[in-house]
>>> print(open('model.cif').read())   # mmCIF, C-alpha atoms (C1' of nucleotides)
data_start
#
loop_
_atom_site.label_atom_id
_atom_site.label_comp_id
_atom_site.auth_asym_id
_atom_site.auth_seq_id
_atom_site.Cartn_x
_atom_site.Cartn_y
_atom_site.Cartn_z
CA MET A 1 -29.76 12.72 -17.04
CA ASP A 2 -32.51 15.26 -17.26
CA LYS A 3 -32.40 17.46 -14.18
CA ILE A 4 -36.07 18.30 -14.41
CA LEU A 5 -37.02 14.72 -13.62
CA ASP A 6 -35.50 15.06 -10.16
CA ILE A 7 -37.84 17.94 -9.33
CA ASP A 8 -41.34 17.19 -8.12
CA ASN A 9 -44.30 19.32 -7.13
CA ILE A 10 -43.11 19.53 -3.53
CA ASP A 11 -39.89 21.15 -4.71
CA LEU A 12 -41.79 23.56 -6.92
CA LYS A 13 -44.18 24.52 -4.14
CA ILE A 14 -41.29 25.15 -1.78
CA ILE A 15 -39.55 27.29 -4.40
CA SER A 16 -42.75 29.17 -5.15
CA LEU A 17 -43.45 29.96 -1.51
CA LEU A 18 -39.89 30.98 -0.74
CA ASN A 19 -39.74 33.04 -3.90
CA GLU A 20 -42.55 35.19 -2.57
CA ASP A 21 -40.72 35.67 0.71
CA ALA A 22 -37.36 34.04 1.08
CA LYS A 23 -37.34 34.76 4.81
CA THR A 24 -40.32 32.54 5.55
CA PRO A 25 -39.22 29.97 8.17
CA TYR A 26 -38.93 26.42 6.87
CA THR A 27 -41.31 25.36 9.64
CA GLU A 28 -44.01 27.50 8.07
CA ILE A 29 -43.23 26.31 4.55
CA ALA A 30 -43.43 22.76 5.89
CA LYS A 31 -46.97 23.29 7.18
CA LYS A 32 -48.16 24.70 3.87
CA VAL A 33 -46.63 21.87 1.83
CA PHE A 34 -47.70 19.18 4.35
CA VAL A 35 -44.27 17.75 5.03
CA SER A 36 -41.90 18.03 7.99
CA SER A 37 -39.48 20.91 8.27
CA GLY A 38 -36.67 18.39 7.93
CA THR A 39 -37.92 17.55 4.46
CA VAL A 40 -37.97 21.22 3.49
CA HIS A 41 -34.34 21.40 4.58
CA VAL A 42 -33.39 18.31 2.60
CA ARG A 43 -35.21 19.54 -0.49
CA MET A 44 -33.69 23.01 -0.33
CA LYS A 45 -30.24 21.51 0.19
CA LYS A 46 -30.80 19.38 -2.90
CA LEU A 47 -31.98 22.38 -4.92
CA GLU A 48 -28.97 24.40 -3.80
CA ASP A 49 -26.56 21.56 -4.55
CA MET A 50 -28.09 21.21 -8.00
CA GLY A 51 -27.54 24.92 -8.58
CA ILE A 52 -31.26 25.54 -9.12
CA VAL A 53 -31.55 27.85 -6.13
CA LYS A 54 -28.45 29.98 -6.24
CA SER A 55 -28.99 32.52 -3.48
CA ALA A 56 -31.54 34.83 -1.95
CA THR A 57 -31.57 38.56 -2.63
CA LEU A 58 -33.50 41.53 -1.31
CA ASN A 59 -36.16 43.20 -3.34
CA ILE A 60 -35.15 46.83 -3.01
CA ASP A 61 -37.02 49.95 -4.06
CA PHE A 62 -34.07 51.75 -5.60
CA SER A 63 -35.97 54.93 -6.30
CA LYS A 64 -36.45 55.37 -2.56
CA LEU A 65 -32.72 55.01 -2.17
CA GLY A 66 -32.17 57.86 -4.59
CA TYR A 67 -31.64 55.73 -7.68
CA ASP A 68 -34.46 57.20 -9.67
CA ILE A 69 -33.59 56.35 -13.25
CA SER A 70 -33.11 52.99 -14.85
CA ALA A 71 -32.56 52.43 -18.53
CA PHE A 72 -32.10 49.67 -21.04
CA LEU A 73 -29.24 50.06 -23.46
CA GLY A 74 -29.02 48.57 -26.92
CA ILE A 75 -25.31 48.42 -27.62
CA TYR A 76 -23.82 48.15 -31.11
CA LEU A 77 -20.28 46.79 -31.32
CA GLU A 78 -17.70 47.61 -33.99
CA LYS A 79 -17.07 43.89 -34.35
CA SER A 80 -19.16 41.21 -32.69
CA SER A 81 -15.97 39.32 -31.81
CA LEU A 82 -15.33 42.03 -29.21
CA TYR A 83 -18.27 40.79 -27.12
CA ASP A 84 -16.28 39.21 -24.29
CA ASN A 85 -13.89 42.15 -23.97
CA VAL A 86 -16.72 44.65 -23.78
CA ILE A 87 -18.61 42.56 -21.21
CA GLU A 88 -15.53 42.55 -19.01
CA ARG A 89 -15.33 46.32 -19.22
CA LEU A 90 -19.06 46.65 -18.45
CA LYS A 91 -18.57 44.52 -15.34
CA GLY A 92 -16.25 47.26 -14.12
CA ILE A 93 -19.04 49.83 -14.31
CA ALA A 94 -21.01 49.58 -11.06
CA GLU A 95 -24.23 50.95 -12.53
CA VAL A 96 -24.55 48.09 -15.05
CA VAL A 97 -26.83 45.53 -13.43
CA SER A 98 -27.40 43.17 -16.35
CA ALA A 99 -26.15 42.44 -19.84
CA TYR A 100 -27.31 39.93 -22.40
CA TYR A 101 -26.31 38.54 -25.74
CA THR A 102 -29.53 38.62 -27.75
CA THR A 103 -30.88 38.07 -31.22
CA GLY A 104 -31.92 41.20 -33.08
CA ASN A 105 -30.08 44.37 -33.96
CA TYR A 106 -28.17 44.95 -30.78
CA SER A 107 -24.91 43.15 -30.03
CA ILE A 108 -25.40 43.59 -26.29
CA PHE A 109 -28.53 44.46 -24.40
CA ALA A 110 -27.89 45.91 -20.95
CA LYS A 111 -29.65 47.55 -18.04
CA ILE A 112 -28.26 50.34 -15.88
CA ILE A 113 -29.52 52.05 -12.72
CA CYS A 114 -28.64 55.67 -11.96
CA ARG A 115 -29.45 58.32 -9.38
CA ASP A 116 -30.59 61.11 -11.69
CA THR A 117 -30.26 62.45 -15.22
CA ASN A 118 -26.82 63.84 -14.51
CA HIS A 119 -25.60 60.52 -13.19
CA LEU A 120 -27.17 58.82 -16.22
CA ARG A 121 -25.23 61.13 -18.51
CA LEU A 122 -21.97 60.28 -16.76
CA VAL A 123 -22.63 56.55 -16.97
CA LEU A 124 -23.61 56.73 -20.64
CA ASP A 125 -20.42 58.66 -21.31
CA SER A 126 -18.27 56.05 -19.62
CA ILE A 127 -20.03 53.26 -21.50
CA GLN A 128 -19.62 55.00 -24.83
CA LYS A 129 -15.91 55.34 -24.14
CA VAL A 130 -15.48 51.56 -23.89
CA ASP A 131 -13.27 50.26 -26.70
CA GLY A 132 -15.23 48.28 -29.24
CA ILE A 133 -18.56 49.98 -28.63
CA ASP A 134 -19.80 51.69 -31.76
CA ARG A 135 -22.98 53.38 -30.50
CA THR A 136 -25.81 52.85 -28.04
CA GLU A 137 -29.57 53.32 -27.97
CA THR A 138 -31.13 54.26 -24.64
CA LEU A 139 -34.60 53.25 -23.47
CA ILE A 140 -35.27 55.14 -20.28
CA VAL A 141 -37.68 53.39 -17.93
CA LEU A 142 -40.49 55.75 -16.98
CA GLU A 143 -42.63 53.18 -15.20
CA GLU A 144 -42.21 49.64 -13.98
CA SER A 145 -45.65 48.11 -14.41
CA ILE A 146 -44.82 44.45 -13.86
CA ASN A 147 -41.93 42.88 -11.97
CA ARG A 148 -42.48 39.45 -10.52
CA PRO A 149 -41.11 35.90 -10.47
CA ILE A 150 -42.29 33.16 -12.78
CA GLN A 151 -45.54 31.65 -11.63
CA PHE A 152 -45.25 27.88 -11.67
CA PHE A 153 -48.76 27.44 -10.41
CA ASP A 154 -51.49 29.56 -11.93
CA LYS A 155 -53.30 31.12 -9.02
CA GLU A 156 -56.06 32.63 -11.09
CA LYS A 157 -57.27 29.45 -12.68
CA MET J 1 -38.68 65.25 3.83
CA ASP J 2 -36.09 63.56 1.69
CA LYS J 3 -36.04 59.86 2.45
CA ILE J 4 -32.42 59.51 1.45
CA LEU J 5 -31.33 61.63 4.37
CA ASP J 6 -32.63 59.02 6.79
CA ILE J 7 -30.34 56.40 5.29
CA ASP J 8 -26.73 56.24 6.42
CA ASN J 9 -23.77 54.09 5.52
CA ILE J 10 -24.70 51.48 8.11
CA ASP J 11 -28.04 50.98 6.37
CA LEU J 12 -26.36 50.75 2.98
CA LYS J 13 -23.80 48.24 4.22
CA ILE J 14 -26.54 46.09 5.74
CA ILE J 15 -28.51 46.23 2.48
CA SER J 16 -25.42 45.44 0.44
CA LEU J 17 -24.50 42.43 2.53
CA LEU J 18 -28.02 41.05 2.67
CA ASN J 19 -28.44 41.65 -1.04
CA GLU J 20 -25.60 39.25 -1.69
CA ASP J 21 -27.21 36.64 0.52
CA ALA J 22 -30.51 37.50 2.12
CA LYS J 23 -30.28 34.46 4.40
CA THR J 24 -27.19 35.69 6.20
CA PRO J 25 -28.02 35.79 9.93
CA TYR J 26 -28.31 39.25 11.41
CA THR J 27 -25.69 38.25 13.98
CA GLU J 28 -23.18 37.79 11.18
CA ILE J 29 -24.18 41.03 9.47
CA ALA J 30 -23.79 42.75 12.82
CA LYS J 31 -20.18 41.58 13.15
CA LYS J 32 -19.28 42.81 9.67
CA VAL J 33 -20.86 46.22 10.20
CA PHE J 34 -19.52 46.52 13.77
CA VAL J 35 -22.86 47.04 15.49
CA SER J 36 -25.02 44.76 17.63
CA SER J 37 -27.52 42.39 16.09
CA GLY J 38 -30.26 44.41 17.74
CA THR J 39 -29.25 47.41 15.67
CA VAL J 40 -29.37 45.35 12.48
CA HIS J 41 -32.92 44.37 13.44
CA VAL J 42 -33.94 47.96 14.11
CA ARG J 43 -32.38 49.19 10.88
CA MET J 44 -33.97 46.48 8.78
CA LYS J 45 -37.34 47.15 10.41
CA LYS J 46 -36.95 50.81 9.51
CA LEU J 47 -35.99 49.99 5.92
CA GLU J 48 -38.95 47.65 5.61
CA ASP J 49 -41.34 50.18 7.13
CA MET J 50 -40.06 52.81 4.71
CA GLY J 51 -40.73 50.44 1.83
CA ILE J 52 -37.09 50.46 0.77
CA VAL J 53 -36.66 46.75 1.39
CA LYS J 54 -39.80 45.14 0.07
CA SER J 55 -39.12 41.44 0.39
CA ALA J 56 -36.54 38.77 -0.22
CA THR J 57 -36.66 36.48 -3.22
CA LEU J 58 -34.74 33.45 -4.39
CA ASN J 59 -32.26 33.65 -7.19
CA ILE J 60 -33.33 30.71 -9.32
CA ASP J 61 -31.61 29.17 -12.32
CA PHE J 62 -34.68 28.82 -14.49
CA SER J 63 -32.89 26.99 -17.27
CA LYS J 64 -32.20 24.15 -14.82
CA LEU J 65 -35.91 24.08 -14.07
CA GLY J 66 -36.67 23.59 -17.74
CA TYR J 67 -37.28 27.24 -18.55
CA ASP J 68 -34.60 27.54 -21.15
CA ILE J 69 -35.62 30.58 -23.18
CA SER J 70 -36.10 34.13 -22.06
CA ALA J 71 -36.81 37.02 -24.36
CA PHE J 72 -37.34 40.75 -24.34
CA LEU J 73 -40.34 42.03 -26.24
CA GLY J 74 -40.70 45.45 -27.75
CA ILE J 75 -44.44 45.97 -27.97
CA TYR J 76 -46.09 48.49 -30.29
CA LEU J 77 -49.60 49.58 -29.32
CA GLU J 78 -52.32 50.72 -31.70
CA LYS J 79 -52.89 53.72 -29.44
CA SER J 80 -50.65 54.61 -26.51
CA SER J 81 -53.75 55.33 -24.43
CA LEU J 82 -54.33 51.60 -24.29
CA TYR J 83 -51.26 51.14 -22.07
CA ASP J 84 -53.08 50.36 -18.81
CA ASN J 85 -55.51 47.93 -20.43
CA VAL J 86 -52.73 46.01 -22.13
CA ILE J 87 -50.66 45.86 -18.92
CA GLU J 88 -53.63 44.33 -17.13
CA ARG J 89 -53.91 41.67 -19.82
CA LEU J 90 -50.16 40.99 -19.67
CA LYS J 91 -50.46 40.46 -15.91
CA GLY J 92 -52.77 37.58 -16.74
CA ILE J 93 -50.05 35.85 -18.76
CA ALA J 94 -47.90 33.88 -16.30
CA GLU J 95 -44.80 33.91 -18.49
CA VAL J 96 -44.56 37.72 -18.44
CA VAL J 97 -42.14 38.56 -15.64
CA SER J 98 -41.66 42.28 -16.24
CA ALA J 99 -43.09 45.14 -18.26
CA TYR J 100 -41.98 48.75 -18.51
CA TYR J 101 -43.12 52.02 -19.99
CA THR J 102 -40.02 53.37 -21.71
CA THR J 103 -38.85 56.13 -23.96
CA GLY J 104 -37.99 55.12 -27.51
CA ASN J 105 -39.90 53.31 -30.20
CA TYR J 106 -41.66 50.72 -28.12
CA SER J 107 -44.83 51.47 -26.18
CA ILE J 108 -44.15 48.64 -23.75
CA PHE J 109 -40.97 46.79 -23.11
CA ALA J 110 -41.46 43.38 -21.50
CA LYS J 111 -39.60 40.24 -20.56
CA ILE J 112 -40.93 36.70 -20.78
CA ILE J 113 -39.55 33.33 -19.67
CA CYS J 114 -40.48 30.13 -21.51
CA ARG J 115 -39.61 26.46 -21.44
CA ASP J 116 -38.65 25.96 -25.07
CA THR J 117 -39.19 27.34 -28.56
CA ASN J 118 -42.62 25.79 -28.81
CA HIS J 119 -43.70 27.32 -25.51
CA LEU J 120 -42.25 30.65 -26.68
CA ARG J 121 -44.36 30.46 -29.82
CA LEU J 122 -47.51 29.84 -27.79
CA VAL J 123 -46.76 32.75 -25.45
CA LEU J 124 -45.98 35.11 -28.32
CA ASP J 125 -49.26 34.07 -29.94
CA SER J 126 -51.25 34.83 -26.83
CA ILE J 127 -49.51 38.19 -26.44
CA GLN J 128 -50.13 39.15 -30.04
CA LYS J 129 -53.81 38.37 -29.55
CA VAL J 130 -54.14 40.97 -26.78
CA ASP J 131 -56.46 43.80 -27.85
CA GLY J 132 -54.58 46.99 -28.51
CA ILE J 133 -51.25 45.38 -29.39
CA ASP J 134 -50.21 46.23 -32.92
CA ARG J 135 -47.04 44.20 -33.30
CA THR J 136 -44.06 42.99 -31.30
CA GLU J 137 -40.32 42.66 -31.76
CA THR J 138 -38.61 39.76 -30.04
CA LEU J 139 -35.06 39.80 -28.68
CA ILE J 140 -34.24 36.25 -27.63
CA VAL J 141 -31.69 36.02 -24.86
CA LEU J 142 -28.87 33.71 -25.91
CA GLU J 143 -26.58 34.44 -22.99
CA GLU J 144 -26.86 36.24 -19.68
CA SER J 145 -23.42 37.74 -19.15
CA ILE J 146 -24.15 40.05 -16.23
CA ASN J 147 -26.91 39.85 -13.62
CA ARG J 148 -26.20 41.45 -10.28
CA PRO J 149 -27.52 43.98 -7.79
CA ILE J 150 -26.43 47.59 -7.72
CA GLN J 151 -23.08 48.04 -6.06
CA PHE J 152 -23.29 50.86 -3.56
CA PHE J 153 -19.68 50.44 -2.56
CA ASP J 154 -17.08 50.01 -5.25
CA LYS J 155 -15.11 46.96 -4.28
CA GLU J 156 -12.55 47.29 -7.04
CA LYS J 157 -11.30 50.70 -6.11
"C1'" DG T 1 -22.82 71.03 31.67
"C1'" DA T 2 -27.64 69.62 32.50
"C1'" DT T 3 -31.74 67.81 30.17
"C1'" DT T 4 -34.14 65.44 26.93
"C1'" DA T 5 -34.77 62.38 23.10
"C1'" DA T 6 -33.06 58.90 20.19
"C1'" DA T 7 -30.31 55.07 19.16
"C1'" DT T 8 -27.69 51.19 20.64
"C1'" DT T 9 -26.62 47.48 23.48
"C1'" DA T 10 -26.53 43.27 26.56
"C1'" DG T 11 -29.05 39.81 28.20
"C1'" DA T 12 -33.28 36.91 28.58
"C1'" DT T 13 -36.77 34.47 26.07
"C1'" DT T 14 -38.88 32.57 22.18
"C1'" DT T 15 -38.44 30.54 17.89
"C1'" DA T 16 -36.16 28.38 14.11
"C1'" DA T 17 -32.22 25.87 11.97
"C1'" DT T 18 -29.62 21.98 11.99
"C1'" DC T 19 -28.21 17.38 13.06
"C1'" DT T 20 -28.88 12.43 14.07
"C1'" DA T 21 -30.85 8.22 14.40
"C1'" DA T 22 -35.02 5.69 13.74
"C1'" DA T 23 -39.04 4.79 10.93
"C1'" DT T 24 -41.27 4.61 6.67
"C1'" DA T 25 -41.89 4.00 1.88
"C1'" DG T 26 -40.47 2.36 -2.72
"C1'" DA T 27 -38.16 -0.55 -6.23
"C1'" DG T 28 -36.39 -4.62 -7.61
"C1'" DT T 29 -35.65 -9.72 -6.80
"C1'" DT T 30 -36.70 -14.28 -5.93
"C1'" DA E 1 -46.21 -11.98 -1.45
"C1'" DA E 2 -42.09 -11.80 1.47
"C1'" DC E 3 -37.38 -10.10 1.45
"C1'" DT E 4 -33.68 -6.91 0.67
"C1'" DC E 5 -31.61 -2.78 -0.35
"C1'" DT E 6 -31.92 2.17 -0.91
"C1'" DA E 7 -33.71 6.51 -0.48
"C1'" DT E 8 -36.71 9.57 1.82
"C1'" DT E 9 -39.08 11.31 5.57
"C1'" DT E 10 -39.81 12.10 10.27
"C1'" DA E 11 -39.48 13.06 15.37
"C1'" DG E 12 -36.74 14.58 18.73
"C1'" DA E 13 -32.44 16.68 20.58
"C1'" DT E 14 -29.10 20.24 20.10
"C1'" DT E 15 -27.34 24.42 18.48
"C1'" DA E 16 -28.01 28.90 16.76
"C1'" DA E 17 -30.59 32.86 15.62
"C1'" DA E 18 -34.54 36.02 16.03
"C1'" DT E 19 -36.99 38.80 18.91
"C1'" DC E 20 -38.14 41.44 22.91
"C1'" DT E 21 -37.18 44.40 26.95
"C1'" DA E 22 -34.98 47.28 29.93
"C1'" DA E 23 -30.81 49.68 30.74
"C1'" DT E 24 -27.10 52.25 28.84
"C1'" DT E 25 -24.89 55.07 25.82
"C1'" DT E 26 -24.75 58.66 22.54
"C1'" DA E 27 -26.12 62.90 20.47
"C1'" DA E 28 -28.57 67.26 20.35
"C1'" DT E 29 -30.50 71.42 22.45
"C1'" DC E 30 -30.80 74.77 25.56
#
>>> encode(input="model.cif", output="structure tokens")
Amino acid sequence: MDKILDIDNIDLKIISLLNEDAKTPYTEIAKKVFVSSGTVHVRMKKLEDMGIVKSATLNIDFSKLGYDISAFLGIYLEKSSLYDNVIERLKGIAEVVSAYYTTGNYSIFAKIICRDTNHLRLVLDSIQKVDGIDRTETLIVLEESINRPIQFFDKEK
Amino acid sequence: MDKILDIDNIDLKIISLLNEDAKTPYTEIAKKVFVSSGTVHVRMKKLEDMGIVKSATLNIDFSKLGYDISAFLGIYLEKSSLYDNVIERLKGIAEVVSAYYTTGNYSIFAKIICRDTNHLRLVLDSIQKVDGIDRTETLIVLEESINRPIQFFDKEK
DNA sequence: GATTAAATTAGATTTAATCTAAATAGAGTT
DNA sequence: AACTCTATTTAGATTAAATCTAATTTAATC
């Protein structure tokens, strides 16, 4: 029953290598993991079928694309029962890239990405207008010091 | 001088499409953007050379890999001048996946991913032992309701 | 409208992905 | 231990894509 039991070290190594660069050819992965490229295919197919590997995305430097400001938002709701409604509304705001239900003071914890301070102001306005949102606290990101995938294998040690 | 001027709608469409699925063949991207696959290559090479597209990573369902708990940490430092030192120490903790310098109360805002509550406790312990960290506030993620890339083109409208 | 520079394209070549069938390895049974 | 069944891995063949090059088209400037 436990999905984790179906995953061995070969799977984890494949995931780790592809997580560093998802465009690495399976033939190259195969060499590093000491199996055939066919096996890499079979394993990746399994991982995708199991829903463990969902897709591959680009790692984009948004600031170089003119999206210079990102911010975390702590959102307070009027009633916590409004959670689902508010999430649906947030999905309609393109600048919202993530939203979480978390323990702590906030009802919703979200992240937004904007071009500049003016754009940020517009986005905050549209979020504050969403029915059910009481108030928000904004943590503007001034520096991203760490941003990396989980490390399954400790390289240092 | 402005990097954004070098980027046109073709670039943005290519990025958008590949951001949904980075493994989409360039030939297929080419059809959707109405250019040749050679152009997609040239554009992607340009975007990579400019550092706009940094790499491609897998989108992994960590809970299915046994990493069931993620949490945001608001970290208070004894002195804000200790920022760089503390970041270096956090880089040594495998479970820390991101860390930011933000406005607001916290000196550092970080995210960690753990297997279970016991693992979380161990990681929090090791973080609280880092020299320079005064105290931490933990926001445990109970549900991830939104997690998506920026949408350059509004699909809804 | 001619000239130059830049970007795009088609087509050839190299490389990788994918598929299939055979070989191997593993687990359980007698 | 030999046998059977099953699952996994592999090599090799086929299909498809990436990559490279040279030619063409497009755009910009005079």
>>> calpha_fit_and_write(input="model.cif", fixed="chain A", moving="chain J", output="compact mmCIF listing (two decimals) with C-alpha atoms, in the coordinates of the input")
# COMPACT_ATOMS: atom_id res chain seq x y z
CA MET J 1 -29.68 12.61 -16.86
CA ASP J 2 -32.35 15.24 -17.14
CA LYS J 3 -32.28 17.46 -14.09
CA ILE J 4 -35.94 18.30 -14.38
CA LEU J 5 -36.91 14.74 -13.60
CA ASP J 6 -35.41 15.07 -10.13
CA ILE J 7 -37.73 17.96 -9.33
CA ASP J 8 -41.26 17.23 -8.19
CA ASN J 9 -44.22 19.36 -7.23
CA ILE J 10 -43.09 19.56 -3.62
CA ASP J 11 -39.84 21.18 -4.75
CA LEU J 12 -41.71 23.60 -7.00
CA LYS J 13 -44.14 24.55 -4.24
CA ILE J 14 -41.27 25.18 -1.83
CA ILE J 15 -39.50 27.32 -4.44
CA SER J 16 -42.68 29.21 -5.23
CA LEU J 17 -43.42 30.00 -1.61
CA LEU J 18 -39.87 31.01 -0.78
CA ASN J 19 -39.68 33.07 -3.94
CA GLU J 20 -42.50 35.22 -2.64
CA ASP J 21 -40.70 35.69 0.65
CA ALA J 22 -37.34 34.06 1.06
CA LYS J 23 -37.37 34.76 4.80
CA THR J 24 -40.37 32.56 5.48
CA PRO J 25 -39.33 30.00 8.11
CA TYR J 26 -39.03 26.45 6.85
CA THR J 27 -41.47 25.39 9.57
CA GLU J 28 -44.13 27.56 7.96
CA ILE J 29 -43.30 26.35 4.46
CA ALA J 30 -43.53 22.81 5.79
CA LYS J 31 -47.09 23.37 7.03
CA LYS J 32 -48.22 24.78 3.69
CA VAL J 33 -46.68 21.94 1.69
CA PHE J 34 -47.82 19.29 4.19
CA VAL J 35 -44.40 17.82 4.92
CA SER J 36 -42.07 18.11 7.91
CA SER J 37 -39.61 20.96 8.22
CA GLY J 38 -36.82 18.42 7.92
CA THR J 39 -38.02 17.58 4.43
CA VAL J 40 -38.04 21.25 3.46
CA HIS J 41 -34.42 21.41 4.63
CA VAL J 42 -33.44 18.33 2.64
CA ARG J 43 -35.21 19.56 -0.48
CA MET J 44 -33.69 23.02 -0.29
CA LYS J 45 -30.24 21.50 0.27
CA LYS J 46 -30.76 19.40 -2.84
CA LEU J 47 -31.91 22.40 -4.88
CA GLU J 48 -28.93 24.41 -3.70
CA ASP J 49 -26.51 21.57 -4.42
CA MET J 50 -27.98 21.23 -7.90
CA GLY J 51 -27.43 24.94 -8.46
CA ILE J 52 -31.13 25.55 -9.05
CA VAL J 53 -31.44 27.86 -6.07
CA LYS J 54 -28.35 30.02 -6.13
CA SER J 55 -28.93 32.52 -3.36
CA ALA J 56 -31.48 34.84 -1.86
CA THR J 57 -31.49 38.55 -2.54
CA LEU J 58 -33.41 41.53 -1.24
CA ASN J 59 -36.05 43.22 -3.30
CA ILE J 60 -35.04 46.85 -2.95
CA ASP J 61 -36.90 49.97 -4.02
CA PHE J 62 -33.96 51.76 -5.56
CA SER J 63 -35.87 54.94 -6.27
CA LYS J 64 -36.35 55.37 -2.51
CA LEU J 65 -32.60 55.00 -2.12
CA GLY J 66 -32.05 57.86 -4.54
CA TYR J 67 -31.57 55.72 -7.63
CA ASP J 68 -34.40 57.19 -9.59
CA ILE J 69 -33.56 56.34 -13.20
CA SER J 70 -33.10 52.97 -14.79
CA ALA J 71 -32.58 52.41 -18.48
CA PHE J 72 -32.13 49.65 -21.01
CA LEU J 73 -29.28 50.06 -23.44
CA GLY J 74 -29.08 48.56 -26.88
CA ILE J 75 -25.37 48.41 -27.61
CA TYR J 76 -23.92 48.16 -31.11
CA LEU J 77 -20.38 46.78 -31.33
CA GLU J 78 -17.83 47.61 -34.01
CA LYS J 79 -17.19 43.88 -34.40
CA SER J 80 -19.28 41.20 -32.71
CA SER J 81 -16.08 39.34 -31.85
CA LEU J 82 -15.41 42.01 -29.26
CA TYR J 83 -18.33 40.78 -27.14
CA ASP J 84 -16.31 39.20 -24.32
CA ASN J 85 -13.93 42.14 -24.01
CA VAL J 86 -16.76 44.64 -23.81
CA ILE J 87 -18.63 42.54 -21.23
CA GLU J 88 -15.53 42.53 -19.05
CA ARG J 89 -15.35 46.32 -19.25
CA LEU J 90 -19.07 46.63 -18.47
CA LYS J 91 -18.54 44.49 -15.36
CA GLY J 92 -16.22 47.23 -14.16
CA ILE J 93 -19.02 49.81 -14.33
CA ALA J 94 -20.98 49.55 -11.06
CA GLU J 95 -24.20 50.94 -12.52
CA VAL J 96 -24.52 48.08 -15.03
CA VAL J 97 -26.79 45.52 -13.40
CA SER J 98 -27.38 43.17 -16.32
CA ALA J 99 -26.13 42.45 -19.82
CA TYR J 100 -27.34 39.93 -22.37
CA TYR J 101 -26.35 38.54 -25.73
CA THR J 102 -29.58 38.63 -27.73
CA THR J 103 -30.94 38.08 -31.18
CA GLY J 104 -31.98 41.20 -33.07
CA ASN J 105 -30.19 44.39 -33.94
CA TYR J 106 -28.26 44.94 -30.76
CA SER J 107 -25.00 43.16 -30.02
CA ILE J 108 -25.47 43.59 -26.28
CA PHE J 109 -28.57 44.45 -24.38
CA ALA J 110 -27.91 45.89 -20.93
CA LYS J 111 -29.65 47.54 -18.01
CA ILE J 112 -28.26 50.33 -15.86
CA ILE J 113 -29.50 52.04 -12.69
CA CYS J 114 -28.61 55.66 -11.94
CA ARG J 115 -29.39 58.30 -9.37
CA ASP J 116 -30.55 61.10 -11.65
CA THR J 117 -30.25 62.44 -15.18
CA ASN J 118 -26.80 63.84 -14.52
CA HIS J 119 -25.57 60.51 -13.18
CA LEU J 120 -27.15 58.80 -16.20
CA ARG J 121 -25.23 61.11 -18.51
CA LEU J 122 -21.95 60.27 -16.78
CA VAL J 123 -22.63 56.53 -16.97
CA LEU J 124 -23.62 56.70 -20.63
CA ASP J 125 -20.42 58.64 -21.31
CA SER J 126 -18.27 56.03 -19.65
CA ILE J 127 -20.06 53.25 -21.53
CA GLN J 128 -19.67 54.98 -24.86
CA LYS J 129 -15.95 55.31 -24.19
CA VAL J 130 -15.51 51.53 -23.92
CA ASP J 131 -13.32 50.22 -26.75
CA GLY J 132 -15.31 48.26 -29.28
CA ILE J 133 -18.65 49.97 -28.65
CA ASP J 134 -19.91 51.69 -31.76
CA ARG J 135 -23.05 53.37 -30.49
CA THR J 136 -25.88 52.85 -28.03
CA GLU J 137 -29.63 53.32 -27.93
CA THR J 138 -31.18 54.26 -24.61
CA LEU J 139 -34.64 53.23 -23.43
CA ILE J 140 -35.32 55.12 -20.22
CA VAL J 141 -37.70 53.36 -17.87
CA LEU J 142 -40.53 55.71 -16.93
CA GLU J 143 -42.66 53.15 -15.14
CA GLU J 144 -42.22 49.60 -13.93
CA SER J 145 -45.66 48.05 -14.35
CA ILE J 146 -44.81 44.39 -13.80
CA ASN J 147 -41.90 42.85 -11.90
CA ARG J 148 -42.45 39.40 -10.48
CA PRO J 149 -41.04 35.88 -10.43
CA ILE J 150 -42.20 33.14 -12.75
CA GLN J 151 -45.46 31.61 -11.64
CA PHE J 152 -45.16 27.85 -11.71
CA PHE J 153 -48.70 27.40 -10.48
CA ASP J 154 -51.44 29.47 -12.02
CA LYS J 155 -53.28 31.02 -9.14
CA GLU J 156 -56.01 32.58 -11.25
CA LYS J 157 -57.27 29.41 -12.79
>>> resolve_selection(input="model.cif", expression="the PyMOL selection byres ((chain E) within 9 of (chain A))", output="PyMOL selection string")
chain E and resi 8-10
>>> resolve_selection(input="model.cif", expression="the PyMOL selection byres ((chain J) within 7 of (chain A))", output="MDAnalysis selection string")
chainID J and resid 3:4 18:23 51:61 64:66 94:95 97:104 139:151
>>> interface_residues(input="model.cif", of="chain A", to="chain T", cutoff="9 Å", atoms="only C-alpha atoms (C1' of nucleotides)", output="mmCIF file with C-alpha atoms, in the frame of the given file")
data_model
loop_
_atom_site.group_PDB
_atom_site.id
_atom_site.type_symbol
_atom_site.label_atom_id
_atom_site.label_comp_id
_atom_site.auth_asym_id
_atom_site.auth_seq_id
_atom_site.Cartn_x
_atom_site.Cartn_y
_atom_site.Cartn_z
ATOM 1 C CA PRO A 25 -39.220 29.970 8.170
ATOM 2 C CA TYR A 26 -38.930 26.420 6.870
ATOM 3 C CA THR A 27 -41.310 25.360 9.640
ATOM 4 C CA GLY A 38 -36.670 18.390 7.930
ATOM 5 C CA HIS A 41 -34.340 21.400 4.580
#
>>> atom_distance(input="model.cif", atom1="CA of Leu124 (chain A)", atom2="CA of Asn85 (chain A)")
17.8 Å
>>> closest_residue(input="model.cif", among="A:Val40, A:Ser81, A:Ser107, A:Arg89", to="Thr136 (chain A)", atoms="all atoms listed in the file")
A:Ser107
>>> atom_distance(input="model.cif", atom1="CA of Lys46 (chain A)", atom2="CA of Phe34 (chain A)")
18.4 Å
